[in-house]
Amino acid sequence: MEHSRKTLVLSAFVVLLLLIFPVSVGTEHTINLVISLFIIVILAQAWNVLAGFAGQVSLGNAAFFGIGALAFHFLAWSWGFPLYLALPLSAVSAVMLASLIGIPAFRLKGAYFAIGTLALAEVLRITVGNIFPRTVYIPTDQINAYSLFSRYYLALFLVVLTQVCAFFMVRSKAGLAMRALRDDDEAAETSGVNLFRYKYMALVYSSFFSGLAGGLFSYYQISILPTSLFGPQWTFEPLVAASVGGAGTLLGPVIGSVFLILVMELFALTLGKTYLIIFGAIFVFVVLFFPAGLIEFFRWLRRGKRVESVK
């Protein structure tokens with residue numbers, strides 16, 4: 001109880017700092033950087049619920065991100081839907097896609113499920129690239145009225161919403177069932193857990209918030225290249241962030257996303273694509289020595305300090 005209270009207080013303090021950040025010390029570059037961080041956090045937590053808690057490792061979340069971004073673009077900028085309708089509908093479009101592929105995909109297990117979801121994302125990427133080969137832009141009047149601050153605070157709200165929803169889901173009966181099927185699906189089924197129901201619930205959560213992140217990205221960008229919305233980076237960057245931070249934990253995706261963005265910011269501009277080698281080496285180190293992610297490293301440090309204080 002004491003640990004939960006401390007975590008709640010720390011989370012509230014961080015949110016408060018993020019609320020005042022743009023109007024106090026934020027520059028245009030740092031605000032853009034933090035918005036990018038928010039998008040990765042949403043995607044990483046969406047992947048984490050499906051893979052880290054429910055044990056269904058998906059390599060196709062880029063499909064949900066891309067369809068959400070594309071749906072938002074047409075709903076908001078082509079058909080004139082207001083933001084408060086276009087954004088949730090972009091997430092619903094991702095859920096509809098997930099529902100369409102959910103029943104056949106869940107017949108696959110392990111690596112076959114991962115490969116199947118990756119194939120879906122690639123098929124959509126190629127299809128969308130053939131239909132929409134050119135960059136699309138938001139309307140001119142929206143460009144003139146563009147506000148980075150409003151996009152920042154919307155992104156912050158969606159990050160908090162994602163974390164709160166994940167918190168209540170994993171602590172509910174459904175979350176317990178998801179962890180049971182992750183650890184041993186056959187034993188869980190024998191105990192009366194409806195495997196398909198809870199796998200599908202995890203998929204709905206993952207696709208909804210991936211689509212929401214896509215809608216946010218589309219709202220944030222002045223122009224988008226449709227085929228790039230389905231690129232593998234929208235799957236693998238959140239996957240790596242969640243894995244490095246600590247898959248199967250609530251804070252792991254946040255820690256991993258911050259780590260990923262910092263590495264990209266520190267090394268990408270000076271080393272170009274070479275920074276991927278450095279990040280890959282760090283990733284291997286974390287997996288080898290801290291299989292549960294950086295969150296395990298911080299716990300190790302805390303245990304070490306406690307031992308020293310006792311001495």
# chains A, B, ... in the order shown; residues from 1 in each chain; ligands from 1
>>> select_by_dssp(residues="region 24-258 of chain A", states="alpha helix (DSSP H)", output="NGL selection string")
:A and (24 or 28-47 or 61-72 or 83-105 or 111-131 or 140-144 or 148-170 or 173-190 or 195-220 or 233-245 or 252-258)
>>> residues_around(residues="region 155-168 of chain A", least_positions_apart="4", cutoff="7 Å", atoms="only C-alpha atoms", output="ChimeraX atom specification")
/A:35,38,41-42,151,172,216,250
>>> write_last_selection(atoms="all heavy atoms", output="PDB file, in the first residue's frame")
ATOM      1  N   ILE A  35       6.474  15.224 -27.521  1.00  0.00           N
ATOM      2  CA  ILE A  35       5.295  14.681 -28.208  1.00  0.00           C
ATOM      3  C   ILE A  35       5.635  13.341 -28.851  1.00  0.00           C
ATOM      4  O   ILE A  35       4.854  12.376 -28.782  1.00  0.00           O
ATOM      5  CB  ILE A  35       4.767  15.676 -29.262  1.00  0.00           C
ATOM      6  CG1 ILE A  35       4.203  16.925 -28.593  1.00  0.00           C
ATOM      7  CG2 ILE A  35       3.681  15.017 -30.126  1.00  0.00           C
ATOM      8  CD1 ILE A  35       3.772  18.013 -29.562  1.00  0.00           C
ATOM      9  N   PHE A  38       5.620  10.823 -26.180  1.00  0.00           N
ATOM     10  CA  PHE A  38       4.260  10.444 -25.792  1.00  0.00           C
ATOM     11  C   PHE A  38       3.683   9.401 -26.753  1.00  0.00           C
ATOM     12  O   PHE A  38       3.036   8.439 -26.324  1.00  0.00           O
ATOM     13  CB  PHE A  38       3.356  11.679 -25.764  1.00  0.00           C
ATOM     14  CG  PHE A  38       3.640  12.642 -24.641  1.00  0.00           C
ATOM     15  CD1 PHE A  38       3.234  13.966 -24.724  1.00  0.00           C
ATOM     16  CD2 PHE A  38       4.319  12.227 -23.510  1.00  0.00           C
ATOM     17  CE1 PHE A  38       3.480  14.853 -23.683  1.00  0.00           C
ATOM     18  CE2 PHE A  38       4.579  13.106 -22.466  1.00  0.00           C
ATOM     19  CZ  PHE A  38       4.160  14.420 -22.558  1.00  0.00           C
ATOM     20  N   VAL A  41       5.263   6.074 -26.037  1.00  0.00           N
ATOM     21  CA  VAL A  41       4.765   5.511 -24.780  1.00  0.00           C
ATOM     22  C   VAL A  41       3.400   4.853 -24.989  1.00  0.00           C
ATOM     23  O   VAL A  41       3.151   3.736 -24.514  1.00  0.00           O
ATOM     24  CB  VAL A  41       4.664   6.594 -23.687  1.00  0.00           C
ATOM     25  CG1 VAL A  41       3.911   6.064 -22.467  1.00  0.00           C
ATOM     26  CG2 VAL A  41       6.050   7.060 -23.273  1.00  0.00           C
ATOM     27  N   ILE A  42       2.511   5.534 -25.709  1.00  0.00           N
ATOM     28  CA  ILE A  42       1.177   4.966 -25.978  1.00  0.00           C
ATOM     29  C   ILE A  42       1.301   3.657 -26.751  1.00  0.00           C
ATOM     30  O   ILE A  42       0.672   2.647 -26.403  1.00  0.00           O
ATOM     31  CB  ILE A  42       0.309   5.975 -26.749  1.00  0.00           C
ATOM     32  CG1 ILE A  42       0.051   7.223 -25.903  1.00  0.00           C
ATOM     33  CG2 ILE A  42      -1.026   5.333 -27.146  1.00  0.00           C
ATOM     34  CD1 ILE A  42      -0.608   8.359 -26.672  1.00  0.00           C
ATOM     35  N   ARG A 151      -1.559  20.399 -29.395  1.00  0.00           N
ATOM     36  CA  ARG A 151      -1.185  19.013 -29.718  1.00  0.00           C
ATOM     37  C   ARG A 151      -0.387  18.391 -28.579  1.00  0.00           C
ATOM     38  O   ARG A 151      -0.527  17.211 -28.288  1.00  0.00           O
ATOM     39  CB  ARG A 151      -0.414  18.986 -31.036  1.00  0.00           C
ATOM     40  CG  ARG A 151      -1.360  19.114 -32.240  1.00  0.00           C
ATOM     41  CD  ARG A 151      -0.703  19.741 -33.444  1.00  0.00           C
ATOM     42  NE  ARG A 151      -1.595  19.714 -34.590  1.00  0.00           N
ATOM     43  CZ  ARG A 151      -2.510  20.640 -34.840  1.00  0.00           C
ATOM     44  NH1 ARG A 151      -2.673  21.657 -34.005  1.00  0.00           N
ATOM     45  NH2 ARG A 151      -3.294  20.541 -35.904  1.00  0.00           N
ATOM     46  N   SER A 172      -7.504  -5.901 -12.801  1.00  0.00           N
ATOM     47  CA  SER A 172      -8.858  -6.450 -12.781  1.00  0.00           C
ATOM     48  C   SER A 172      -8.817  -7.976 -12.922  1.00  0.00           C
ATOM     49  O   SER A 172      -7.749  -8.582 -13.085  1.00  0.00           O
ATOM     50  CB  SER A 172      -9.679  -5.853 -13.918  1.00  0.00           C
ATOM     51  OG  SER A 172      -9.163  -6.280 -15.172  1.00  0.00           O
ATOM     52  N   LEU A 216      -3.477  10.528 -33.238  1.00  0.00           N
ATOM     53  CA  LEU A 216      -2.712  11.638 -32.659  1.00  0.00           C
ATOM     54  C   LEU A 216      -1.565  12.039 -33.577  1.00  0.00           C
ATOM     55  O   LEU A 216      -1.324  13.239 -33.787  1.00  0.00           O
ATOM     56  CB  LEU A 216      -2.169  11.216 -31.290  1.00  0.00           C
ATOM     57  CG  LEU A 216      -1.179  12.170 -30.618  1.00  0.00           C
ATOM     58  CD1 LEU A 216      -1.833  13.509 -30.310  1.00  0.00           C
ATOM     59  CD2 LEU A 216      -0.613  11.539 -29.339  1.00  0.00           C
ATOM     60  N   LEU A 250       3.806  -2.007 -15.649  1.00  0.00           N
ATOM     61  CA  LEU A 250       3.144  -0.782 -16.090  1.00  0.00           C
ATOM     62  C   LEU A 250       4.134   0.337 -16.398  1.00  0.00           C
ATOM     63  O   LEU A 250       3.937   1.128 -17.318  1.00  0.00           O
ATOM     64  CB  LEU A 250       2.144  -0.313 -15.031  1.00  0.00           C
ATOM     65  CG  LEU A 250       0.863  -1.149 -14.908  1.00  0.00           C
ATOM     66  CD1 LEU A 250       0.075  -0.727 -13.680  1.00  0.00           C
ATOM     67  CD2 LEU A 250       0.007  -1.014 -16.164  1.00  0.00           C
TER      68      LEU A 250
END
>>> residues_around(residues="Leu43 (chain A)", least_positions_apart="4", cutoff="8 Å", atoms="only C-alpha atoms", output="number ranges by chain")
A: 39, 47, 209-210, 213, 234, 238
>>> residues_around(residues="Ile126 (chain A)", least_positions_apart="5", cutoff="9 Å", atoms="only C-alpha atoms", output="number ranges by chain")
A: 121, 131, 227, 230
>>> closest_residue(among="A:Gly102, A:Gly211, A:Pro22, A:Gly129", to="Gly68 (chain A)", atoms="only C-alpha atoms")
A:Gly211
>>> select_by_dssp(residues="region 132-303 of chain A", states="strand (DSSP E)", output="PyMOL selection string")
chain A and resi 136-137+223-224
>>> closest_residue(among="A:Thr190, A:Val286, A:Phe132, A:Ile103", to="Phe298 (chain A)", atoms="only C-alpha atoms")
A:Val286
>>> atom_distance(atom1="CA of Gly55 (chain A)", atom2="CA of Leu10 (chain A)")
28.7 Å
>>> atom_distance(atom1="CA of Ala241 (chain A)", atom2="CA of Tyr112 (chain A)")
22.5 Å
>>> residues_around(residues="Phe283 (chain A)", least_positions_apart="4", cutoff="7 Å", atoms="only C-alpha atoms", output="PyMOL selection string")
chain A and resi 244+279+287
>>> closest_residue(among="A:Leu37, A:Ala145, A:Ile224, A:Val23", to="Pro133 (chain A)", atoms="only C-alpha atoms")
A:Ile224
>>> residues_around(residues="Gly215 (chain A)", least_positions_apart="3", cutoff="9 Å", atoms="only C-alpha atoms", output="ChimeraX atom specification")
/A:65-73,86-91,210-212,218-220
>>> write_last_selection(atoms="N, CA and C atoms", output="short mmCIF file (atom, residue, chain, number, x, y, z; two decimals), in the first residue's frame")
data_model
loop_
_atom_site.label_atom_id
_atom_site.label_comp_id
_atom_site.auth_asym_id
_atom_site.auth_seq_id
_atom_site.Cartn_x
_atom_site.Cartn_y
_atom_site.Cartn_z
N PHE A 65 -1.76 1.17 -35.93
CA PHE A 65 -1.31 2.56 -35.91
C PHE A 65 -1.61 3.24 -37.25
N GLY A 66 -1.26 2.56 -38.34
CA GLY A 66 -1.43 3.13 -39.67
C GLY A 66 -2.89 3.35 -40.03
N ILE A 67 -3.74 2.38 -39.71
CA ILE A 67 -5.15 2.52 -40.07
C ILE A 67 -5.80 3.63 -39.25
N GLY A 68 -5.34 3.79 -37.99
CA GLY A 68 -5.85 4.88 -37.16
C GLY A 68 -5.45 6.23 -37.71
N ALA A 69 -4.19 6.36 -38.14
CA ALA A 69 -3.70 7.62 -38.69
C ALA A 69 -4.41 7.96 -39.99
N LEU A 70 -4.58 6.95 -40.85
CA LEU A 70 -5.23 7.18 -42.13
C LEU A 70 -6.70 7.52 -41.94
N ALA A 71 -7.36 6.81 -41.02
CA ALA A 71 -8.77 7.09 -40.75
C ALA A 71 -8.95 8.51 -40.23
N PHE A 72 -8.06 8.94 -39.31
CA PHE A 72 -8.18 10.30 -38.78
C PHE A 72 -8.02 11.34 -39.88
N HIS A 73 -7.05 11.11 -40.75
CA HIS A 73 -6.80 12.08 -41.82
C HIS A 73 -8.06 12.31 -42.66
N ALA A 86 -13.38 12.47 -34.53
CA ALA A 86 -12.42 11.83 -35.45
C ALA A 86 -11.39 11.00 -34.70
N LEU A 87 -10.93 11.48 -33.53
CA LEU A 87 -9.88 10.77 -32.80
C LEU A 87 -10.36 9.42 -32.24
N PRO A 88 -11.49 9.38 -31.52
CA PRO A 88 -11.96 8.06 -31.07
C PRO A 88 -12.37 7.15 -32.21
N LEU A 89 -12.91 7.72 -33.30
CA LEU A 89 -13.29 6.88 -34.44
C LEU A 89 -12.07 6.29 -35.12
N SER A 90 -10.95 7.00 -35.09
CA SER A 90 -9.71 6.43 -35.65
C SER A 90 -9.28 5.22 -34.84
N ALA A 91 -9.48 5.29 -33.52
CA ALA A 91 -9.16 4.14 -32.66
C ALA A 91 -10.14 3.00 -32.91
N SER A 210 -3.30 1.76 -30.08
CA SER A 210 -2.40 1.92 -31.23
C SER A 210 -3.06 2.81 -32.28
N GLY A 211 -4.35 2.58 -32.52
CA GLY A 211 -5.09 3.44 -33.45
C GLY A 211 -5.21 4.86 -32.95
N LEU A 212 -5.37 5.01 -31.63
CA LEU A 212 -5.44 6.35 -31.03
C LEU A 212 -4.11 7.08 -31.22
N SER A 218 -1.37 11.67 -36.82
CA SER A 218 -1.92 12.32 -38.00
C SER A 218 -2.35 13.75 -37.69
N TYR A 219 -2.87 13.97 -36.49
CA TYR A 219 -3.27 15.32 -36.07
C TYR A 219 -2.04 16.20 -35.83
N TYR A 220 -0.99 15.59 -35.36
CA TYR A 220 0.24 16.31 -35.02
C TYR A 220 1.02 16.73 -36.26
#
